[in-house]
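Asks: Enclosed is the structure file coords-v2.cif (mmCIF, C-alpha atoms and all ligand atoms).
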data_entry
loop_
_atom_site.label_atom_id
_atom_site.label_comp_id
_atom_site.auth_asym_id
_atom_site.auth_seq_id
_atom_site.Cartn_x
_atom_site.Cartn_y
_atom_site.Cartn_z
CA MET A 1 -82.80 18.36 -54.74
CA ILE A 2 -82.74 17.25 -51.09
CA LYS A 3 -84.42 19.51 -48.58
CA ILE A 4 -83.19 19.59 -45.03
CA ALA A 5 -83.94 21.34 -41.74
CA ILE A 6 -81.68 22.40 -38.89
CA MET A 7 -83.04 22.33 -35.33
CA GLY A 8 -81.06 24.78 -33.17
CA TYR A 9 -79.28 27.80 -34.67
CA GLY A 10 -76.52 28.11 -32.08
CA THR A 11 -72.79 27.77 -32.71
CA ILE A 12 -72.94 24.38 -34.43
CA GLY A 13 -76.29 24.88 -36.20
CA SER A 14 -75.18 28.18 -37.74
CA GLY A 15 -71.89 26.49 -38.64
CA VAL A 16 -73.80 23.77 -40.53
CA ALA A 17 -75.68 26.47 -42.50
CA GLU A 18 -72.34 28.14 -43.27
CA VAL A 19 -70.63 24.91 -44.42
CA LEU A 20 -73.66 24.06 -46.61
CA GLU A 21 -73.33 27.47 -48.26
CA GLN A 22 -69.54 27.66 -48.58
CA ASN A 23 -69.06 24.09 -49.83
CA ARG A 24 -72.31 23.97 -51.84
CA ASP A 25 -70.67 22.55 -54.98
CA VAL A 26 -68.59 19.83 -53.32
CA ILE A 27 -71.56 18.79 -51.15
CA ALA A 28 -73.88 18.58 -54.20
CA LYS A 29 -71.31 16.47 -56.02
CA GLN A 30 -70.92 14.04 -53.12
CA ALA A 31 -74.63 13.89 -52.29
CA GLY A 32 -75.52 13.42 -55.97
CA GLN A 33 -77.89 16.38 -55.88
CA GLU A 34 -78.24 19.89 -54.45
CA VAL A 35 -78.83 20.10 -50.67
CA GLU A 36 -81.19 22.92 -49.80
CA LEU A 37 -81.72 24.26 -46.30
CA LYS A 38 -85.51 24.79 -46.07
CA TYR A 39 -86.08 25.44 -42.36
CA VAL A 40 -84.14 26.49 -39.28
CA LEU A 41 -85.97 25.81 -36.04
CA ASP A 42 -85.15 28.09 -33.13
CA LEU A 43 -86.99 29.99 -30.41
CA ARG A 44 -85.17 33.16 -31.44
CA GLU A 45 -85.40 35.33 -34.57
CA PHE A 46 -82.22 36.00 -36.54
CA PRO A 47 -83.24 39.01 -38.67
CA ASP A 48 -79.71 39.80 -39.86
CA SER A 49 -78.62 36.25 -40.59
CA PRO A 50 -78.52 34.56 -44.01
CA VAL A 51 -81.26 32.18 -42.82
CA ALA A 52 -83.67 34.90 -41.60
CA ASP A 53 -86.33 33.85 -44.15
CA ARG A 54 -86.16 30.19 -43.14
CA ILE A 55 -86.57 30.52 -39.36
CA VAL A 56 -89.55 28.61 -37.94
CA HIS A 57 -90.64 28.28 -34.33
CA ASP A 58 -93.02 25.35 -34.59
CA PHE A 59 -91.43 21.88 -34.75
CA LYS A 60 -94.56 20.49 -36.42
CA VAL A 61 -93.72 22.48 -39.58
CA ILE A 62 -90.63 20.28 -40.00
CA GLU A 63 -92.20 17.05 -38.76
CA GLN A 64 -95.17 17.34 -41.13
CA ASP A 65 -93.33 18.54 -44.24
CA GLU A 66 -92.89 15.50 -46.46
CA GLU A 67 -90.33 17.34 -48.56
CA ILE A 68 -87.87 17.27 -45.66
CA ASN A 69 -85.73 14.12 -45.89
CA ILE A 70 -82.93 14.97 -43.46
CA VAL A 71 -83.04 16.82 -40.15
CA VAL A 72 -80.00 18.15 -38.30
CA GLU A 73 -80.24 18.34 -34.50
CA THR A 74 -77.82 20.87 -32.99
CA MET A 75 -79.92 22.01 -30.02
CA GLY A 76 -77.92 20.15 -27.38
CA GLY A 77 -79.37 18.77 -24.14
CA LEU A 78 -82.14 16.20 -23.92
CA ASN A 79 -85.30 18.23 -23.96
CA PRO A 80 -86.72 18.90 -26.52
CA ALA A 81 -83.90 17.30 -28.57
CA TYR A 82 -84.98 13.75 -27.66
CA PRO A 83 -88.73 14.00 -28.45
CA PHE A 84 -88.03 16.03 -31.61
CA VAL A 85 -85.41 13.60 -32.95
CA LYS A 86 -87.60 10.59 -32.17
CA ALA A 87 -90.57 12.22 -33.90
CA CYS A 88 -88.41 12.97 -36.99
CA LEU A 89 -87.26 9.33 -37.20
CA LEU A 90 -90.83 8.09 -36.73
CA ALA A 91 -91.86 10.41 -39.55
CA GLY A 92 -89.32 8.62 -41.78
CA LYS A 93 -86.69 11.38 -41.78
CA HIS A 94 -82.95 10.79 -41.45
CA VAL A 95 -81.32 12.58 -38.52
CA ALA A 96 -77.74 13.87 -38.06
CA THR A 97 -76.84 15.11 -34.59
CA SER A 98 -73.86 16.63 -32.79
CA ASN A 99 -75.46 16.01 -29.39
CA LYS A 100 -73.42 13.54 -27.29
CA ALA A 101 -75.79 13.81 -24.32
CA LEU A 102 -78.65 12.66 -26.57
CA VAL A 103 -76.63 9.83 -28.18
CA ALA A 104 -75.28 8.57 -24.82
CA ALA A 105 -78.69 8.67 -23.12
CA TYR A 106 -81.08 7.62 -25.92
CA GLY A 107 -78.83 6.29 -28.71
CA THR A 108 -80.01 2.67 -28.34
CA GLU A 109 -83.67 3.58 -28.71
CA LEU A 110 -83.12 6.11 -31.51
CA LEU A 111 -80.95 3.65 -33.48
CA ALA A 112 -83.69 1.01 -33.13
CA VAL A 113 -86.39 3.44 -34.31
CA ALA A 114 -84.20 4.45 -37.27
CA ARG A 115 -83.68 0.77 -38.25
CA GLU A 116 -87.40 0.06 -37.94
CA LYS A 117 -88.24 3.04 -40.16
CA GLY A 118 -85.48 2.31 -42.70
CA VAL A 119 -83.71 5.63 -42.09
CA ASN A 120 -80.38 6.66 -40.55
CA PHE A 121 -79.50 8.16 -37.19
CA LEU A 122 -75.96 9.53 -37.59
CA PHE A 123 -73.78 11.18 -34.96
CA GLU A 124 -70.21 11.67 -36.22
CA ALA A 125 -69.98 15.13 -34.59
CA SER A 126 -70.97 13.87 -31.14
CA VAL A 127 -67.44 12.63 -30.36
CA GLY A 128 -64.22 14.43 -31.25
CA GLY A 129 -65.95 17.35 -33.04
CA GLY A 130 -64.41 17.51 -36.50
CA ILE A 131 -62.19 14.43 -36.03
CA PRO A 132 -63.44 11.43 -38.02
CA ILE A 133 -63.88 8.68 -35.42
CA ILE A 134 -67.42 7.29 -35.55
CA ARG A 135 -67.30 6.58 -39.30
CA PRO A 136 -63.82 4.98 -39.13
CA LEU A 137 -65.16 2.67 -36.41
CA TYR A 138 -68.12 1.42 -38.48
CA ARG A 139 -66.46 1.58 -41.89
CA CYS A 140 -62.66 1.37 -42.02
CA LEU A 141 -62.21 -0.72 -38.86
CA MET A 142 -65.23 -2.98 -39.27
CA GLY A 143 -63.04 -6.08 -39.67
CA GLU A 144 -61.16 -5.41 -36.43
CA ARG A 145 -61.62 -6.59 -32.91
CA ILE A 146 -61.18 -3.30 -31.05
CA GLU A 147 -59.07 -3.91 -27.93
CA GLU A 148 -58.70 -0.37 -26.62
CA ILE A 149 -59.90 3.16 -27.19
CA THR A 150 -58.18 5.82 -25.11
CA GLY A 151 -58.57 9.48 -25.83
CA ILE A 152 -58.31 13.08 -24.83
CA LEU A 153 -61.92 13.78 -25.68
CA ASN A 154 -62.52 17.19 -24.15
CA GLY A 155 -60.84 20.31 -25.49
CA THR A 156 -61.70 22.57 -22.55
CA THR A 157 -60.02 20.40 -19.91
CA ASN A 158 -57.09 19.71 -22.21
CA PHE A 159 -56.58 23.47 -22.60
CA ILE A 160 -56.70 23.93 -18.80
CA LEU A 161 -54.26 21.08 -18.10
CA ALA A 162 -51.86 22.27 -20.85
CA LYS A 163 -51.86 25.79 -19.31
CA MET A 164 -51.08 24.32 -15.89
CA ASP A 165 -48.35 22.15 -17.40
CA LYS A 166 -46.61 24.61 -19.72
CA GLU A 167 -47.18 27.88 -17.83
CA GLY A 168 -47.41 26.76 -14.21
CA GLU A 169 -50.94 28.20 -13.87
CA SER A 170 -53.26 27.19 -11.03
CA PHE A 171 -56.43 25.29 -11.96
CA GLU A 172 -58.58 28.33 -11.09
CA ASN A 173 -56.59 30.75 -13.28
CA ALA A 174 -56.39 28.33 -16.19
CA LEU A 175 -60.18 27.82 -15.98
CA LYS A 176 -60.76 31.61 -15.95
CA GLU A 177 -58.59 31.94 -19.05
CA ALA A 178 -60.52 29.14 -20.79
CA GLN A 179 -63.76 30.96 -19.93
CA ASN A 180 -62.44 34.31 -21.21
CA LEU A 181 -61.46 32.66 -24.51
CA GLY A 182 -64.92 31.10 -24.82
CA TYR A 183 -63.65 27.51 -24.49
CA ALA A 184 -65.25 26.86 -21.11
CA GLU A 185 -68.88 27.56 -20.21
CA ARG A 186 -69.76 29.94 -17.35
CA ASN A 187 -70.85 26.77 -15.58
CA PRO A 188 -67.91 24.51 -16.49
CA GLU A 189 -69.09 21.45 -14.54
CA ALA A 190 -69.84 19.17 -17.52
CA ASP A 191 -66.29 19.61 -18.80
CA VAL A 192 -64.17 19.85 -15.63
CA GLU A 193 -66.01 17.07 -13.76
CA GLY A 194 -65.48 14.69 -16.69
CA HIS A 195 -69.18 14.23 -17.61
CA ASP A 196 -68.64 15.29 -21.24
CA THR A 197 -65.72 12.85 -21.62
CA CYS A 198 -67.79 10.12 -19.97
CA ARG A 199 -70.57 10.39 -22.57
CA LYS A 200 -68.04 10.37 -25.39
CA ILE A 201 -66.16 7.28 -24.18
CA ALA A 202 -69.54 5.56 -23.57
CA ILE A 203 -70.49 6.20 -27.23
CA LEU A 204 -67.10 4.97 -28.49
CA THR A 205 -67.30 1.85 -26.29
CA ALA A 206 -70.79 1.07 -27.60
CA MET A 207 -69.50 1.51 -31.18
CA ALA A 208 -66.57 -0.83 -30.46
CA THR A 209 -68.55 -3.57 -28.69
CA GLY A 210 -71.79 -3.29 -30.67
CA ARG A 211 -73.69 -3.24 -27.38
CA GLU A 212 -75.47 -0.63 -25.31
CA VAL A 213 -73.24 1.06 -22.72
CA ASN A 214 -74.79 2.85 -19.79
CA PHE A 215 -72.58 5.91 -19.27
CA GLU A 216 -73.51 5.91 -15.58
CA ASP A 217 -71.60 2.61 -15.20
CA ILE A 218 -68.33 4.31 -16.17
CA TYR A 219 -66.18 5.52 -13.28
CA THR A 220 -65.79 9.27 -13.83
CA GLU A 221 -63.44 11.71 -12.17
CA GLY A 222 -62.68 15.23 -13.43
CA ILE A 223 -59.66 17.52 -13.12
CA THR A 224 -60.72 19.85 -10.30
CA ARG A 225 -58.35 18.31 -7.74
CA ILE A 226 -55.26 18.52 -9.99
CA THR A 227 -52.91 21.27 -8.79
CA ASP A 228 -49.89 23.21 -10.03
CA ILE A 229 -47.77 21.24 -7.48
CA ASP A 230 -48.69 18.00 -9.28
CA PHE A 231 -47.29 19.50 -12.48
CA LYS A 232 -44.05 20.44 -10.68
CA TYR A 233 -43.54 16.75 -9.88
CA ALA A 234 -44.63 15.81 -13.41
CA GLU A 235 -41.99 18.14 -14.87
CA LYS A 236 -39.28 16.57 -12.73
CA MET A 237 -40.44 13.11 -13.83
CA GLY A 238 -40.65 14.04 -17.54
CA THR A 239 -44.38 13.30 -17.49
CA SER A 240 -47.64 15.18 -17.93
CA VAL A 241 -51.21 14.81 -16.69
CA LYS A 242 -54.10 14.48 -19.18
CA LEU A 243 -57.80 13.75 -18.77
CA PHE A 244 -58.37 10.36 -20.39
CA GLY A 245 -61.53 8.59 -21.39
CA SER A 246 -60.46 5.00 -21.79
CA SER A 247 -61.97 1.64 -22.57
CA ARG A 248 -60.20 -1.71 -22.75
CA MET A 249 -61.98 -4.70 -24.19
CA ALA A 250 -60.85 -8.29 -23.77
CA GLY A 251 -62.76 -11.59 -23.71
CA GLY A 252 -66.15 -9.86 -23.64
CA LYS A 253 -65.13 -7.81 -20.58
CA VAL A 254 -64.80 -4.05 -20.64
CA ASN A 255 -62.84 -1.82 -18.28
CA ALA A 256 -63.71 1.82 -18.79
CA PHE A 257 -62.98 5.00 -16.88
CA VAL A 258 -62.62 8.77 -17.10
CA ALA A 259 -59.84 10.23 -14.95
CA PRO A 260 -56.72 12.39 -15.02
CA VAL A 261 -53.78 10.15 -15.84
CA MET A 262 -50.03 10.72 -15.62
CA ILE A 263 -48.28 9.77 -18.87
CA GLN A 264 -44.78 9.86 -20.29
CA LYS A 265 -43.45 11.59 -23.40
CA ASN A 266 -43.52 8.34 -25.38
CA ASN A 267 -47.32 8.07 -25.01
CA PRO A 268 -48.92 9.04 -28.36
CA LEU A 269 -51.38 11.29 -26.48
CA TYR A 270 -48.61 13.26 -24.68
CA SER A 271 -48.31 15.85 -27.46
CA VAL A 272 -52.05 16.53 -27.73
CA ASN A 273 -52.20 20.03 -26.27
CA ASP A 274 -54.47 23.08 -26.02
CA VAL A 275 -58.05 22.54 -27.22
CA PHE A 276 -57.12 19.65 -29.48
CA ASN A 277 -58.41 16.11 -29.04
CA GLY A 278 -56.57 12.87 -29.74
CA ILE A 279 -58.03 9.39 -29.85
CA MET A 280 -55.92 6.23 -29.85
CA VAL A 281 -57.62 3.11 -31.19
CA LYS A 282 -56.02 -0.30 -30.84
CA GLY A 283 -57.28 -3.14 -33.01
CA ASN A 284 -56.15 -6.77 -32.91
CA MET A 285 -54.92 -6.67 -36.52
CA LEU A 286 -54.43 -2.93 -36.94
CA GLY A 287 -52.24 -2.31 -33.91
CA THR A 288 -52.44 1.30 -32.78
CA SER A 289 -53.93 4.18 -34.80
CA MET A 290 -54.20 7.80 -33.75
CA PHE A 291 -56.94 10.27 -34.66
CA TYR A 292 -56.05 13.88 -33.97
CA GLY A 293 -57.63 17.27 -34.61
CA SER A 294 -60.18 19.88 -33.56
CA GLY A 295 -62.45 18.25 -31.04
CA ALA A 296 -64.80 21.22 -30.81
CA GLY A 297 -65.51 24.54 -32.50
CA LYS A 298 -68.09 25.81 -34.96
CA LEU A 299 -66.83 24.86 -38.42
CA PRO A 300 -64.91 21.63 -37.57
CA THR A 301 -67.95 20.22 -35.76
CA ALA A 302 -70.32 21.48 -38.47
CA SER A 303 -68.13 19.79 -41.09
CA ALA A 304 -68.71 16.43 -39.36
CA VAL A 305 -72.48 17.07 -39.29
CA VAL A 306 -72.42 17.90 -43.02
CA ALA A 307 -70.59 14.62 -43.73
CA ASP A 308 -73.51 12.85 -42.01
CA ILE A 309 -75.99 14.82 -44.14
CA ILE A 310 -74.15 13.60 -47.24
CA GLU A 311 -74.04 10.02 -45.92
CA ALA A 312 -77.81 10.16 -45.35
CA ALA A 313 -78.33 11.68 -48.82
CA GLN A 314 -76.35 8.83 -50.37
CA ASN A 315 -78.44 6.30 -48.45
CA LEU A 316 -81.94 7.74 -48.53
CA GLU A 317 -83.53 4.35 -49.13
CA ARG A 318 -81.58 2.19 -46.66
CA SER A 319 -80.61 2.05 -43.04
CA LEU A 320 -76.84 1.66 -42.63
CA ALA A 321 -75.38 -0.78 -40.11
CA VAL A 322 -74.25 1.97 -37.73
CA GLY A 323 -74.27 1.82 -33.95
CA TRP A 324 -75.15 -0.90 -31.51
CA SER A 325 -77.87 -3.28 -30.36
CA SER A 326 -80.00 -3.11 -27.23
CA GLU A 327 -77.97 -5.92 -25.64
CA LYS A 328 -76.27 -4.46 -22.57
CA GLN A 329 -72.49 -4.32 -22.18
CA ALA A 330 -71.42 -4.81 -18.58
CA ILE A 331 -68.59 -2.55 -17.38
CA GLU A 332 -66.14 -4.10 -14.92
CA SER A 333 -65.73 -2.58 -11.48
CA MET A 334 -63.08 0.16 -11.31
CA ASP A 335 -61.53 -1.83 -8.44
CA LEU A 336 -60.27 -4.33 -11.04
CA ALA A 337 -58.58 -1.72 -13.26
CA ARG A 338 -54.79 -1.75 -13.03
CA PHE A 339 -52.51 1.29 -12.91
CA ARG A 340 -49.32 2.53 -11.37
CA TYR A 341 -50.08 5.26 -8.83
CA PHE A 342 -48.41 8.62 -8.33
CA VAL A 343 -48.91 9.45 -4.66
CA ARG A 344 -47.94 12.63 -2.81
CA VAL A 345 -47.30 12.10 0.87
CA ALA A 346 -46.84 14.56 3.75
CA GLY A 347 -43.54 14.61 5.63
CA SER A 348 -40.08 13.55 4.55
CA TYR A 349 -39.31 10.29 2.81
CA ARG A 350 -36.52 9.60 5.30
CA ASN A 351 -39.09 9.39 8.14
CA LYS A 352 -41.74 7.52 6.17
CA GLU A 353 -39.64 5.09 4.15
CA GLU A 354 -40.35 2.10 6.36
CA ASP A 355 -44.16 2.43 6.23
CA ILE A 356 -44.14 3.25 2.52
CA LYS A 357 -42.08 0.16 1.66
CA ARG A 358 -44.05 -2.10 3.98
CA ILE A 359 -47.43 -0.98 2.64
CA PHE A 360 -46.81 -0.08 -1.02
CA GLY A 361 -43.87 -2.38 -1.79
CA LYS A 362 -41.27 -1.23 -4.30
CA VAL A 363 -41.69 2.43 -5.29
CA GLU A 364 -39.79 5.15 -7.14
CA VAL A 365 -39.33 8.24 -4.96
CA VAL A 366 -39.55 11.82 -6.24
CA GLU A 367 -38.64 14.82 -4.09
CA LEU A 368 -38.97 18.54 -4.81
CA TYR A 369 -36.65 21.01 -3.16
CA GLY A 370 -38.06 22.87 -0.15
CA MET A 371 -41.32 20.95 0.22
CA ASP A 372 -42.56 19.27 3.37
CA GLU A 373 -43.75 16.34 1.29
CA PHE A 374 -42.53 13.81 -1.26
CA ALA A 375 -44.06 11.62 -3.94
CA VAL A 376 -43.80 7.97 -4.90
CA LEU A 377 -44.67 6.08 -8.03
CA THR A 378 -45.88 2.60 -7.16
CA ALA A 379 -45.57 -0.60 -9.16
CA GLU A 380 -48.67 -1.64 -11.12
CA MET A 381 -51.53 -2.84 -8.94
CA SER A 382 -55.30 -3.02 -9.08
CA GLU A 383 -57.38 -0.07 -7.92
CA GLY A 384 -58.77 -2.29 -5.14
CA GLU A 385 -55.25 -3.13 -3.93
CA PHE A 386 -54.26 0.53 -4.06
CA LYS A 387 -57.30 1.64 -2.04
CA ALA A 388 -56.53 -0.94 0.65
CA ALA A 389 -52.88 0.17 0.78
CA ALA A 390 -53.88 3.85 0.98
CA VAL A 391 -56.23 3.17 3.89
CA ALA A 392 -53.51 1.15 5.66
CA TYR A 393 -50.96 3.94 5.18
CA ASP A 394 -53.32 6.69 6.37
CA SER A 395 -54.24 4.65 9.48
CA ALA A 396 -50.56 4.08 10.30
CA GLU A 397 -49.92 7.82 9.97
CA GLN A 398 -52.99 8.84 11.96
CA ALA A 399 -51.90 6.51 14.74
CA ARG A 400 -48.84 8.77 15.00
CA SER A 401 -51.01 11.95 14.68
CA ASP A 402 -49.36 12.62 11.35
CA TYR A 403 -50.71 13.51 7.93
CA GLY A 404 -50.94 10.85 5.27
CA ILE A 405 -51.64 10.84 1.56
CA LYS A 406 -52.19 14.28 -0.01
CA GLN A 407 -52.79 13.33 -3.61
CA MET A 408 -53.16 10.33 -5.92
CA ILE A 409 -53.01 10.34 -9.70
CA ARG A 410 -53.27 7.15 -11.74
CA ALA A 411 -50.27 6.62 -13.99
CA MET A 412 -50.02 4.82 -17.32
CA ILE A 413 -46.23 4.77 -17.43
N1 LIG B 1 -67.07 21.24 -24.22
C1 LIG B 1 -66.64 20.28 -25.19
C2 LIG B 1 -65.10 20.28 -25.23
C3 LIG B 1 -67.20 20.63 -26.53
O1 LIG B 1 -64.49 21.14 -24.60
O2 LIG B 1 -64.51 19.40 -25.84
C4 LIG B 1 -67.16 19.52 -27.54
O3 LIG B 1 -67.90 18.41 -27.14
#
Could I get this structure in the form of C-alpha cells?
Replies:
Amino acid sequence: MIKIAIMGYGTIGSGVAEVLEQNRDVIAKQAGQEVELKYVLDLREFPDSPVADRIVHDFKVIEQDEEINIVVETMGGLNPAYPFVKACLLAGKHVATSNKALVAAYGTELLAVAREKGVNFLFEASVGGGIPIIRPLYRCLMGERIEEITGILNGTTNFILAKMDKEGESFENALKEAQNLGYAERNPEADVEGHDTCRKIAILTAMATGREVNFEDIYTEGITRITDIDFKYAEKMGTSVKLFGSSRMAGGKVNAFVAPVMIQKNNPLYSVNDVFNGIMVKGNMLGTSMFYGSGAGKLPTASAVVADIIEAAQNLERSLAVGWSSEKQAIESMDLARFRYFVRVAGSYRNKEEDIKRIFGKVEVVELYGMDEFAVLTAEMSEGEFKAAAVAYDSAEQARSDYGIKQMIRAMI
C-alpha cells in the first residue's frame, strides 16, 4: 500500500480526495497497489468532510512521516507551497502539483532537487487542467522537434471573450457573469491580464526546449482593452478574437507572447469556446496536433493530479526524465514577432486613405455602418515595423488636430 498526503483541501485538493475514492479500484490496478490518503494538510477543519479524521495542521507531520511516499500540493501560490514542496523532495518524497505559479517560478530548482534525490516532481495539472499536455510532451512527442505551441490556456478569459463574441456582451458584463458562475475570481487580474496564461506558456516552452524559461521574459497582454465594437468588426470579417499563449521555436530561437489575437474560422483554435482550453502543438515530423478539453474545474484537474500520483507510484525508485535543465532559454524581443494587424482608426476612410496607404502600405479596409471610424487589416510585418508605422500615423493625424489609432489587435490570418 502507498500512503500519500494532500497539502491544501480547496477545490482541487478535495477533488483529488474524491477521485482517489471514486476510482479506487482502477487507481490501485494502475499503481500496482492500493493508494491510501493518510493526511490532508490545511489550516481549516473540515468536520463534515470524508477526510475529517485525516486533517493535520502541522506540515512537519507529513515531512517527517517515512510512510508517506507521495505528496500532492494543491495549495496554490508560492508561500508556503514552495518551501513545503522543496522540503518534501529533500525528504525523498515524490510530489505532484497543480500549481502553475510554483512550477513557472521554481520549477527548475524543484526539478533539480527531485533528480538529485531520485524522486519525481510532476505537474500535469498545472497546464490545461484535465487536458493531457505535459505527459504527451515528455512521452509521446519525445522524438519530435517542437516548432510551435499555441493555445487557449485560460478558461475564464475564453468564457468572457466567447460571451462578447456570441452574445455581444461588453467586457464588464461578461466578466460579471463569469464571476457569478464562479469561473472568475473576485480579483480577476491573474486571468484577465494574461498572467495565468503567461505562466502556462512558459512551462510549455520549457518542456519543448528542455531549457529554463523565465516567464517574465514573455510579452504579456490581457483582454481588458478588447471591446464589443471589436467583435462587431470581427463578425463582419468572419473572424474571432481569442487570448493566445504562443511559442515558436526555430534554430534555437524562441518567440513567445501572450495576447488577444484575431483568427479566422479555419484556425483549429477558432471553435474552442466557453471555459474550454485548446492547445495546438506543431512538431517537425508530427505536423499539427490538437489537445482539447476542460482546462480547469475540480474533477478534471484532480484527475490529472491523480495520473501523476499513479506515475510516481509506478516509478517509486527512479527519477523520470521530465522537465528541463537549468540552462536558460533566451526569448526573442517582441519587436521581432510578425503578425498582420487589425487597426481601428478614427474618421472616415475616404479622408484618411492617403495617409493609411503611405504609412501602412497595402491594407484591407473594413467599415461598419453608422460609425465615425473604420478598420484596416495590414499585411504581415514585424511588431517593430508596426509600432513605427503607428507612431508615424498618429503624428500625421495630430498635426491636423485629428484623432488617430483607436485600437490594435494582432491577427494570425
Ligand atoms: N483561472 C484558470 C482558468 C484556472 O480560468 O483557466 C486554471 O488554471
Asks: Find the nearest atom pair between each residue of chain A and ligand LIG 1 (chain B) for residues within 10 Å, count only C-alpha atoms and all ligand atoms, give distances in Å to one decimal, sort rows by chain and ascending number, and present the table as a Markdown table.
Replies:
| residue | atom | partner | partner_atom | distance |
| --- | --- | --- | --- | --- |
| A:Ser98 | CA | B:LIG1 | O3 | 8.4 |
| A:Asn99 | CA | B:LIG1 | O3 | 8.2 |
| A:Lys100 | CA | B:LIG1 | O3 | 7.4 |
| A:Ala101 | CA | B:LIG1 | O3 | 9.6 |
| A:Ala125 | CA | B:LIG1 | O3 | 8.4 |
| A:Ser126 | CA | B:LIG1 | O3 | 6.8 |
| A:Val127 | CA | B:LIG1 | O3 | 6.6 |
| A:Gly128 | CA | B:LIG1 | O3 | 6.8 |
| A:Gly129 | CA | B:LIG1 | C4 | 6.0 |
| A:Gly130 | CA | B:LIG1 | C4 | 9.6 |
| A:Ile152 | CA | B:LIG1 | O2 | 8.9 |
| A:Leu153 | CA | B:LIG1 | O2 | 6.2 |
| A:Asn154 | CA | B:LIG1 | O2 | 3.4 |
| A:Gly155 | CA | B:LIG1 | O2 | 3.8 |
| A:Thr156 | CA | B:LIG1 | O1 | 3.7 |
| A:Thr157 | CA | B:LIG1 | O1 | 6.5 |
| A:Asn158 | CA | B:LIG1 | O1 | 7.9 |
| A:Phe159 | CA | B:LIG1 | O1 | 8.5 |
| A:Ala178 | CA | B:LIG1 | O1 | 9.7 |
| A:Gly182 | CA | B:LIG1 | O1 | 10.0 |
| A:Tyr183 | CA | B:LIG1 | O1 | 6.4 |
| A:Ala184 | CA | B:LIG1 | N1 | 6.7 |
| A:Glu185 | CA | B:LIG1 | N1 | 7.7 |
| A:Pro188 | CA | B:LIG1 | N1 | 8.4 |
| A:Glu189 | CA | B:LIG1 | N1 | 9.9 |
| A:Ala190 | CA | B:LIG1 | N1 | 7.5 |
| A:Asp191 | CA | B:LIG1 | N1 | 5.7 |
| A:Val192 | CA | B:LIG1 | O1 | 9.1 |
| A:His195 | CA | B:LIG1 | N1 | 9.9 |
| A:Asp196 | CA | B:LIG1 | C1 | 6.7 |
| A:Thr197 | CA | B:LIG1 | O2 | 7.9 |
| A:Arg199 | CA | B:LIG1 | O3 | 9.6 |
| A:Lys200 | CA | B:LIG1 | O3 | 8.2 |
| A:Val275 | CA | B:LIG1 | O1 | 7.1 |
| A:Phe276 | CA | B:LIG1 | O2 | 8.2 |
| A:Asn277 | CA | B:LIG1 | O2 | 7.6 |
| A:Ser294 | CA | B:LIG1 | O2 | 8.9 |
| A:Gly295 | CA | B:LIG1 | O2 | 5.7 |
| A:Ala296 | CA | B:LIG1 | C4 | 4.4 |
| A:Gly297 | CA | B:LIG1 | C4 | 7.2 |
| A:Lys298 | CA | B:LIG1 | C4 | 9.8 |
| A:Thr301 | CA | B:LIG1 | C4 | 8.3 |
Asks: Can you pull out the residues contacting Gly323 of chain A? Cut-off 7 Å, using all atoms listed in the file, and skip same-chain residues under 3 positions away; I want them as a PDB file with C-alpha atoms, in the frame of the given file.
Replies:
ATOM      1  CA  LEU A 111     -80.950   3.650 -33.480  1.00  0.00           C
ATOM      2  CA  MET A 207     -69.500   1.510 -31.180  1.00  0.00           C
ATOM      3  CA  GLY A 210     -71.790  -3.290 -30.670  1.00  0.00           C
TER       4      GLY A 210
END
Asks: Set the distance at 9 Å and use all atoms listed in the file: which residues neighbour Ala17 of chain A once local chain neighbours fewer than 3 positions away are removed? I'd like the list as number ranges by chain.
Replies: A: 6, 9, 12-14, 20-22, 37, 50-51, 302
Asks: Neighbours of Glu193 of chain A within 8 Å (only C-alpha atoms; same-chain residues fewer than 3 positions away dropped), as a ChimeraX atom specification?
Replies: /A:189-190,220-224
Asks: For Arg350 of chain A, please output as a compact mmCIF listing (two decimals) with C-alpha atoms, keeping the file's coordinate frame all residues within 12 Å (counting all atoms listed in the file; exclusion window: fewer than 4 positions along the same chain).
Replies:
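Generated output (out_23.txt):
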# COMPACT_ATOMS: atom_id res chain seq x y z
CA VAL A 345 -47.30 12.10 0.87
CA ALA A 346 -46.84 14.56 3.75
CA GLU A 354 -40.35 2.10 6.36
CA ASP A 355 -44.16 2.43 6.23
CA ILE A 356 -44.14 3.25 2.52
CA LYS A 357 -42.08 0.16 1.66
CA VAL A 365 -39.33 8.24 -4.96
CA GLU A 367 -38.64 14.82 -4.09
CA ASP A 372 -42.56 19.27 3.37
CA GLU A 373 -43.75 16.34 1.29
CA PHE A 374 -42.53 13.81 -1.26
Asks: Around (-55.5, 18.8, -16.3), as given in the file, which residues come within 8 Å? Count all atoms listed in the file and list them as a count of residues only.
Replies: 15
Asks: Around all listed atoms of segment 265-269 of chain A, padded 6 Å per side, what centre and edge lengths does the axis-aligned box have in Å to one decimal, as AutoDock Vina command-line options?
Replies:
--center_x -47.4 --center_y 9.8 --center_z -25.9 --size_x 19.9 --size_y 15.5 --size_z 17.0
Asks: Using all atoms listed in the file - which residues lie no farther than 10 Å from the point (-84.3, 29.6, -27.4) in the file's frame? Write them as a PyMOL selection string.
Replies: chain A and resi 8-10+41-45+57+75
Asks: Excluding Ile331 of chain A and residues on its chain fewer than 5 positions from it, collect all residues at most 7 Å away from it, counting all atoms listed in the file, and give them as a list in words.
Replies: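 The residues that qualify are Asp217, Ile218, Val254, Asn255 and Ala256 of chain A.
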Asks: Find the distance between atom CA of Lys117 of chain A and atom CA of Leu90 of chain A and write it in Å to one decimal.
Replies: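 According to the coordinates, atom CA of Lys117 of chain A and atom CA of Leu90 of chain A are separated by 6.6 Å.
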Asks: Have a look at atom CA of Ala312 of chain A and atom CA of Asn69 of chain A and let me know their distance in Å, one decimal.
Replies: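 Calculated distance between atom CA of Ala312 of chain A and atom CA of Asn69 of chain A is 8.9 Å.
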Asks: Which residue out of A:Ala411, A:Ile201, A:Ala31, A:Val391 has the minimum interatomic distance to Met280 of chain A when all atoms listed in the file are used?
Replies: A:Ile201
Asks: Find the residue from A:Tyr292, A:Ile229, A:Ser319, A:Arg248 that sits nearest to Gln407 of chain A; use only C-alpha atoms when measuring.
Replies: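 The shortest atom-to-atom distance to Gln407 of chain A comes from A:Ile229.
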Asks: By how many Å are atom CA of Ala91 of chain A and atom CA of Ala304 of chain A apart?
Replies: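 Between atom CA of Ala91 of chain A and atom CA of Ala304 of chain A the gap works out to 23.9 Å.
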